[in-house]
Amino acid sequence: MQNAWYYEEYGPKEVLKLGDFPLPTPQHDQLLVQVRAAALNPIDSKRRQRPLFPSDFPAVPGCDMAGIVVAKGTSVTKFNTGDEVYGNIQDFNAEGKLKQLGALAEFIVVEESLIAKKPKNISFEEAASLPLAVQTAIEGFKTAGFKTGQTIFIVGGAGGVGTLVIQLAKHFYGASHVVATTSTPKVEFVKELGADKVIDYRKTKYEDIEEKFDVLYDTIGDCKNSFVVAKDNAPIVDITWPPSHPRAIYSSLTVSGEILEKLRPFIESGKLKAQIDPTGPYKFKDVIEAFRYLETGRARGKVVISAFPYTESTRCHFIREQEETCS
């Protein structure tokens with residue numbers, strides 16, 4: 001058995017329990033990964049609160065993780081034992097149920113197609129903060145059909161997705177002018193991410209913004225109000241469901257390790273930087289407190305969990321499974 005956070009019924013964060021959970025065995029196309037860090041996402045809270053996707057109880061929450069490969073299935077070719085990897089382990093577009101074992105556990109199994117090698121210049125915590133948010137961010141640009149040289153208005157520039165949308169717009173997609181909204185305490189933070197202009201939504205209304213933009217990218221579901229800054233017939237992308245304006249296009253995500261691999265040069269060059277909320281990383285034992293903070297909606301960047309429990313006896317179990325010697 002291993003330590004994991006799980007829930008056996010839908011409800012608030014208090015339904016979460018820390019306890020024993022069965023150790024996983026990788027299938028032919030999967031890797032067994034010792035989790036070193038994980039990140040929380042709004043979808044983790046929503047899945048716990050109500051049956052959004054088919055899954056079984058008890059369920060371990062968490063999509064994003066970074067860790068070390070402990071073992072691999074017979075069909076795995078891209079990774080070896082000892083590799084440091086990261087990724088979103090839940091493929092929301094796959095047929096059937098989501099994995100019962102999410103990222104908030106000592107060990108997880110994941111298909112090799114969903115992960116990538118961790119960039120060497122970032123920590124496990126930074127790596128864990130990226131996958132789902134950056135996959136969501138990139139999908140929004142694809143949904144908008146974004147073209148080099150276009151202008152973009154980003155609603156919610158300080159959140160987990162928004163921080164990455166700003167950086168991708170500047171350094172990956174070649175936007176000519178990037179404007180983002182945030183609250184007063186986070187204005188300087190959003191400027192440092194690369195926004196050409198930051199709108200303090202507590203001081204400025206959308207209706208007072210004279211400039212109109214080629215793309216409106218709404219990360220918080222406020223396009224019922226923010227639509228006024230978009231040019232006529234400009235794409236309005238909303239990553240929340242359902243979109244709150246009839247012109248808005250819902251954008252989800254494609255879960256793929258290939259996406260993460262393509263971003264490696266931008267991460268290793270420092271052009272794309274992980275943003276961890278300064279209240280963290282939270283310790284594994286403090287997962288409920290981390291969810292409490294996440295659900296306030298005030299996070300700056302990503303809420304990350306670190307300091308996962310780990311014992312030598314557990315490691316030996318997996319080595320024995322591979323018919324190796326544990327001294």
# chains A, B, ... in the order shown; residues from 1 in each chain; ligands from 1
call {"tool": "select_by_dssp", "arguments": {"residues": "range 85-270 of chain A", "states": "strand (DSSP E)", "output": "ChimeraX atom specification"}}
result
/A:85-88,107-111,115-117,151-155,177-182,197-200,215-218,236-238,248-250
call {"tool": "residues_around", "arguments": {"residues": "Lys46 in chain A", "least_positions_apart": "5", "cutoff": "10 Å", "atoms": "only C-alpha atoms", "output": "ChimeraX atom specification"}}
result
/A:10-12,41,51-53,295
call {"tool": "closest_residue", "arguments": {"among": "A:Lys212, A:Arg292, A:Arg298, A:Arg264", "to": "Pro278 in chain A", "atoms": "only C-alpha atoms"}}
result
A:Arg298
call {"tool": "residues_around", "arguments": {"residues": "range 65-75 of chain A", "least_positions_apart": "6", "cutoff": "8 Å", "atoms": "only C-alpha atoms", "output": "number ranges by chain"}}
result
A: 26-39, 81-89, 103, 118, 124-125, 127-129, 318-319, 322
call {"tool": "closest_residue", "arguments": {"among": "A:Lys117, A:Ile288, A:Gln2, A:Thr184", "to": "Lys203 in chain A", "atoms": "only C-alpha atoms"}}
result
A:Thr184
call {"tool": "atom_distance", "arguments": {"atom1": "CA of Asp222 in chain A", "atom2": "CA of Val303 in chain A"}}
result
22.1 Å
call {"tool": "residues_around", "arguments": {"residues": "Val198 in chain A", "least_positions_apart": "4", "cutoff": "7 Å", "atoms": "only C-alpha atoms", "output": "PyMOL selection string"}}
result
chain A and resi 179-181+187+190-191
call {"tool": "residues_around", "arguments": {"residues": "range 132-148 of chain A", "least_positions_apart": "2", "cutoff": "9 Å", "atoms": "only C-alpha atoms", "output": "PyMOL selection string"}}
result
chain A and resi 41+63-64+87-88+129-130+150-151+160-162+164-165+168-169+173-176+214-217+219+234-239+249-256+259-260+302
call {"tool": "write_last_selection", "arguments": {"atoms": "C-alpha atoms", "output": "PDB file, in the first residue's frame"}}
result
ATOM      1  CA  ASN A  41      -6.310  22.771 -10.745  1.00  0.00           C
ATOM      2  CA  CYS A  63      -3.824  15.718 -12.858  1.00  0.00           C
ATOM      3  CA  ASP A  64      -0.421  17.418 -12.864  1.00  0.00           C
ATOM      4  CA  GLY A  87       2.835  15.692 -17.345  1.00  0.00           C
ATOM      5  CA  ASN A  88      -0.931  15.731 -17.000  1.00  0.00           C
ATOM      6  CA  SER A 129       2.804  23.469 -12.177  1.00  0.00           C
ATOM      7  CA  LEU A 130       2.874  23.513 -15.975  1.00  0.00           C
ATOM      8  CA  GLN A 150      -2.209  40.056 -33.891  1.00  0.00           C
ATOM      9  CA  THR A 151      -3.219  41.864 -30.702  1.00  0.00           C
ATOM     10  CA  GLY A 160      -2.540  29.530 -13.580  1.00  0.00           C
ATOM     11  CA  VAL A 161      -3.561  29.669 -17.252  1.00  0.00           C
ATOM     12  CA  GLY A 162      -3.409  33.448 -17.648  1.00  0.00           C
ATOM     13  CA  LEU A 164       1.128  31.229 -19.357  1.00  0.00           C
ATOM     14  CA  VAL A 165      -1.123  32.823 -21.989  1.00  0.00           C
ATOM     15  CA  LEU A 168       3.085  32.311 -24.873  1.00  0.00           C
ATOM     16  CA  ALA A 169       1.566  35.317 -26.633  1.00  0.00           C
ATOM     17  CA  TYR A 173       2.933  33.155 -30.914  1.00  0.00           C
ATOM     18  CA  GLY A 174       4.425  36.550 -31.751  1.00  0.00           C
ATOM     19  CA  ALA A 175       1.615  38.840 -30.573  1.00  0.00           C
ATOM     20  CA  SER A 176       2.218  42.500 -31.418  1.00  0.00           C
ATOM     21  CA  ASP A 214      -7.924  40.886 -32.642  1.00  0.00           C
ATOM     22  CA  VAL A 215      -8.436  38.136 -30.051  1.00  0.00           C
ATOM     23  CA  LEU A 216     -10.155  38.115 -26.666  1.00  0.00           C
ATOM     24  CA  TYR A 217      -8.865  35.306 -24.449  1.00  0.00           C
ATOM     25  CA  THR A 219      -9.589  32.617 -18.632  1.00  0.00           C
ATOM     26  CA  ALA A 234     -12.908  38.788 -33.584  1.00  0.00           C
ATOM     27  CA  PRO A 235     -12.681  35.342 -31.947  1.00  0.00           C
ATOM     28  CA  ILE A 236     -13.638  35.259 -28.261  1.00  0.00           C
ATOM     29  CA  VAL A 237     -12.123  32.291 -26.471  1.00  0.00           C
ATOM     30  CA  ASP A 238     -13.522  31.128 -23.131  1.00  0.00           C
ATOM     31  CA  ILE A 239     -11.872  28.260 -21.223  1.00  0.00           C
ATOM     32  CA  ILE A 249     -16.009  29.712 -28.333  1.00  0.00           C
ATOM     33  CA  TYR A 250     -15.323  27.164 -25.633  1.00  0.00           C
ATOM     34  CA  SER A 251     -11.761  25.893 -25.609  1.00  0.00           C
ATOM     35  CA  SER A 252     -10.721  22.820 -23.628  1.00  0.00           C
ATOM     36  CA  LEU A 253      -7.329  21.102 -23.954  1.00  0.00           C
ATOM     37  CA  THR A 254      -5.401  18.351 -25.687  1.00  0.00           C
ATOM     38  CA  VAL A 255      -3.449  16.207 -23.242  1.00  0.00           C
ATOM     39  CA  SER A 256      -0.145  15.263 -24.825  1.00  0.00           C
ATOM     40  CA  ILE A 259       3.099  19.545 -26.488  1.00  0.00           C
ATOM     41  CA  LEU A 260       5.343  19.693 -23.439  1.00  0.00           C
ATOM     42  CA  LYS A 302      -0.340  27.639  -9.546  1.00  0.00           C
TER      43      LYS A 302
END
call {"tool": "residues_around", "arguments": {"residues": "Glu268 in chain A", "least_positions_apart": "4", "cutoff": "12 Å", "atoms": "only C-alpha atoms", "output": "VMD selection string"}}
result
chain A and resid 118 to 123 127 260 to 264 272 to 274
call {"tool": "write_last_selection", "arguments": {"atoms": "all heavy atoms", "output": "short mmCIF file (atom, residue, chain, number, x, y, z; two decimals), in the first residue's frame"}}
result
data_model
loop_
_atom_site.label_atom_id
_atom_site.label_comp_id
_atom_site.auth_asym_id
_atom_site.auth_seq_id
_atom_site.Cartn_x
_atom_site.Cartn_y
_atom_site.Cartn_z
N LYS A 118 11.46 16.09 -17.89
CA LYS A 118 11.47 17.37 -17.20
C LYS A 118 12.65 18.21 -17.69
O LYS A 118 13.78 17.72 -17.72
CB LYS A 118 11.57 17.16 -15.69
CG LYS A 118 11.59 18.44 -14.87
CD LYS A 118 11.68 18.15 -13.38
CE LYS A 118 13.08 17.76 -12.97
NZ LYS A 118 14.07 18.86 -13.11
N PRO A 119 12.41 19.47 -18.07
CA PRO A 119 13.54 20.35 -18.40
C PRO A 119 14.52 20.41 -17.24
O PRO A 119 14.13 20.49 -16.07
CB PRO A 119 12.87 21.70 -18.65
CG PRO A 119 11.48 21.35 -19.09
CD PRO A 119 11.12 20.13 -18.28
N LYS A 120 15.80 20.39 -17.54
CA LYS A 120 16.82 20.27 -16.51
C LYS A 120 16.95 21.52 -15.64
O LYS A 120 17.44 21.45 -14.52
CB LYS A 120 18.17 19.93 -17.15
CG LYS A 120 18.19 18.56 -17.82
CD LYS A 120 19.53 18.26 -18.43
CE LYS A 120 19.54 16.88 -19.10
NZ LYS A 120 20.86 16.59 -19.72
N ASN A 121 16.50 22.65 -16.16
CA ASN A 121 16.71 23.91 -15.43
C ASN A 121 15.58 24.27 -14.48
O ASN A 121 15.60 25.33 -13.88
CB ASN A 121 16.91 25.06 -16.42
CG ASN A 121 15.67 25.33 -17.25
OD1 ASN A 121 15.01 24.40 -17.71
ND2 ASN A 121 15.36 26.60 -17.48
N ILE A 122 14.58 23.40 -14.33
CA ILE A 122 13.48 23.71 -13.42
C ILE A 122 13.31 22.61 -12.40
O ILE A 122 13.71 21.46 -12.61
CB ILE A 122 12.14 23.95 -14.17
CG1 ILE A 122 11.69 22.70 -14.91
CG2 ILE A 122 12.28 25.14 -15.12
CD1 ILE A 122 10.31 22.84 -15.55
N SER A 123 12.73 22.96 -11.26
CA SER A 123 12.52 22.02 -10.17
C SER A 123 11.32 21.12 -10.45
O SER A 123 10.53 21.36 -11.37
CB SER A 123 12.28 22.78 -8.87
OG SER A 123 11.06 23.51 -8.95
N ALA A 127 7.99 22.14 -12.59
CA ALA A 127 7.51 21.28 -13.67
C ALA A 127 6.06 20.85 -13.44
O ALA A 127 5.24 20.86 -14.36
CB ALA A 127 8.41 20.05 -13.78
N LEU A 260 4.34 19.30 -24.44
CA LEU A 260 5.34 19.69 -23.44
C LEU A 260 6.75 19.64 -24.02
O LEU A 260 7.59 20.49 -23.73
CB LEU A 260 5.24 18.78 -22.22
CG LEU A 260 3.89 18.73 -21.51
CD1 LEU A 260 3.93 17.74 -20.36
CD2 LEU A 260 3.49 20.11 -21.01
N GLU A 261 7.00 18.64 -24.85
CA GLU A 261 8.34 18.49 -25.44
C GLU A 261 8.65 19.65 -26.38
O GLU A 261 9.78 20.15 -26.43
CB GLU A 261 8.43 17.16 -26.19
CG GLU A 261 9.84 16.73 -26.54
CD GLU A 261 10.74 16.59 -25.33
OE1 GLU A 261 10.33 15.96 -24.35
OE2 GLU A 261 11.88 17.13 -25.38
N LYS A 262 7.65 20.12 -27.12
CA LYS A 262 7.86 21.24 -28.04
C LYS A 262 8.19 22.53 -27.29
O LYS A 262 8.84 23.43 -27.83
CB LYS A 262 6.61 21.45 -28.90
CG LYS A 262 6.43 20.40 -29.99
CD LYS A 262 5.18 20.68 -30.82
CE LYS A 262 5.02 19.64 -31.92
NZ LYS A 262 3.79 19.88 -32.72
N LEU A 263 7.72 22.62 -26.05
CA LEU A 263 7.97 23.83 -25.26
C LEU A 263 9.32 23.80 -24.54
O LEU A 263 9.74 24.81 -23.96
CB LEU A 263 6.87 24.02 -24.22
CG LEU A 263 5.49 24.38 -24.76
CD1 LEU A 263 4.47 24.37 -23.64
CD2 LEU A 263 5.50 25.74 -25.45
N ARG A 264 10.01 22.66 -24.60
CA ARG A 264 11.27 22.53 -23.87
C ARG A 264 12.26 23.67 -24.16
O ARG A 264 12.82 24.25 -23.21
CB ARG A 264 11.92 21.18 -24.18
CG ARG A 264 13.29 21.00 -23.54
CD ARG A 264 13.94 19.70 -23.99
NE ARG A 264 13.21 18.56 -23.49
CZ ARG A 264 13.41 18.03 -22.29
NH1 ARG A 264 14.32 18.55 -21.48
NH2 ARG A 264 12.72 17.00 -21.89
N LEU A 272 9.75 30.91 -21.08
CA LEU A 272 8.50 30.45 -20.48
C LEU A 272 8.82 29.99 -19.06
O LEU A 272 9.56 29.03 -18.87
CB LEU A 272 7.89 29.31 -21.29
CG LEU A 272 6.51 28.80 -20.83
CD1 LEU A 272 5.46 29.90 -20.96
CD2 LEU A 272 6.09 27.57 -21.62
N LYS A 273 8.27 30.69 -18.08
CA LYS A 273 8.60 30.42 -16.69
C LYS A 273 7.37 29.95 -15.91
O LYS A 273 6.29 30.52 -16.04
CB LYS A 273 9.17 31.68 -16.03
CG LYS A 273 10.49 32.14 -16.64
CD LYS A 273 11.01 33.39 -15.94
CE LYS A 273 12.33 33.84 -16.55
NZ LYS A 273 12.84 35.07 -15.90
N ALA A 274 7.58 28.92 -15.11
CA ALA A 274 6.52 28.44 -14.23
C ALA A 274 6.28 29.47 -13.13
O ALA A 274 7.21 30.12 -12.66
CB ALA A 274 6.92 27.11 -13.62
#
call {"tool": "closest_residue", "arguments": {"among": "A:Gly102, A:Asn80, A:Trp241, A:Tyr293", "to": "Ala116 in chain A", "atoms": "only C-alpha atoms"}}
result
A:Asn80
call {"tool": "atom_distance", "arguments": {"atom1": "CA of Leu294 in chain A", "atom2": "CA of Glu9 in chain A"}}
result
20.1 Å
call {"tool": "closest_residue", "arguments": {"among": "A:Pro242, A:Ser306, A:Pro42, A:Tyr206", "to": "Ala230 in chain A", "atoms": "only C-alpha atoms"}}
result
A:Tyr206
call {"tool": "residues_around", "arguments": {"residues": "Glu188 in chain A", "least_positions_apart": "3", "cutoff": "12 Å", "atoms": "only C-alpha atoms", "output": "PyMOL selection string"}}
result
chain A and resi 157-158+180-185+191-200+300
call {"tool": "write_last_selection", "arguments": {"atoms": "N, CA and C atoms", "output": "compact mmCIF listing (two decimals), in the first residue's frame"}}
result
# COMPACT_ATOMS: atom_id res chain seq x y z
N GLY A 157 -5.04 37.65 -16.02
CA GLY A 157 -3.64 37.46 -16.35
C GLY A 157 -2.78 36.87 -15.25
N ALA A 158 -3.29 36.80 -14.02
CA ALA A 158 -2.45 36.33 -12.91
C ALA A 158 -2.74 34.89 -12.50
N ALA A 180 -3.51 42.54 -20.48
CA ALA A 180 -4.11 41.58 -19.55
C ALA A 180 -4.72 42.29 -18.36
N THR A 181 -5.73 41.67 -17.78
CA THR A 181 -6.38 42.22 -16.59
C THR A 181 -5.92 41.48 -15.34
N THR A 182 -5.99 42.19 -14.23
CA THR A 182 -5.73 41.58 -12.92
C THR A 182 -6.21 42.54 -11.85
N SER A 183 -6.05 42.15 -10.58
CA SER A 183 -6.44 43.01 -9.47
C SER A 183 -5.26 43.88 -9.06
N THR A 184 -5.54 44.90 -8.27
CA THR A 184 -4.52 45.88 -7.88
C THR A 184 -3.23 45.28 -7.33
N PRO A 185 -3.28 44.32 -6.40
CA PRO A 185 -2.03 43.81 -5.82
C PRO A 185 -1.15 43.03 -6.81
N LYS A 191 2.85 42.60 -15.15
CA LYS A 191 3.78 43.34 -16.01
C LYS A 191 5.07 42.55 -16.19
N GLU A 192 5.56 41.97 -15.11
CA GLU A 192 6.81 41.22 -15.17
C GLU A 192 6.71 39.98 -16.04
N LEU A 193 5.50 39.47 -16.22
CA LEU A 193 5.30 38.31 -17.09
C LEU A 193 5.47 38.67 -18.56
N GLY A 194 5.38 39.97 -18.88
CA GLY A 194 5.57 40.40 -20.26
C GLY A 194 4.41 41.13 -20.88
N ALA A 195 3.34 41.37 -20.14
CA ALA A 195 2.21 42.11 -20.69
C ALA A 195 2.64 43.54 -21.04
N ASP A 196 2.26 44.00 -22.23
CA ASP A 196 2.60 45.37 -22.64
C ASP A 196 1.80 46.40 -21.84
N LYS A 197 0.60 45.99 -21.44
CA LYS A 197 -0.24 46.88 -20.65
C LYS A 197 -1.08 46.02 -19.71
N VAL A 198 -1.26 46.50 -18.50
CA VAL A 198 -2.06 45.77 -17.51
C VAL A 198 -3.24 46.63 -17.09
N ILE A 199 -4.42 46.04 -17.14
CA ILE A 199 -5.65 46.72 -16.74
C ILE A 199 -6.04 46.25 -15.34
N ASP A 200 -6.11 47.19 -14.41
CA ASP A 200 -6.58 46.89 -13.07
C ASP A 200 -8.11 46.92 -13.10
N ARG A 300 -2.12 33.24 -7.26
CA ARG A 300 -1.26 33.93 -8.22
C ARG A 300 -0.35 32.88 -8.83
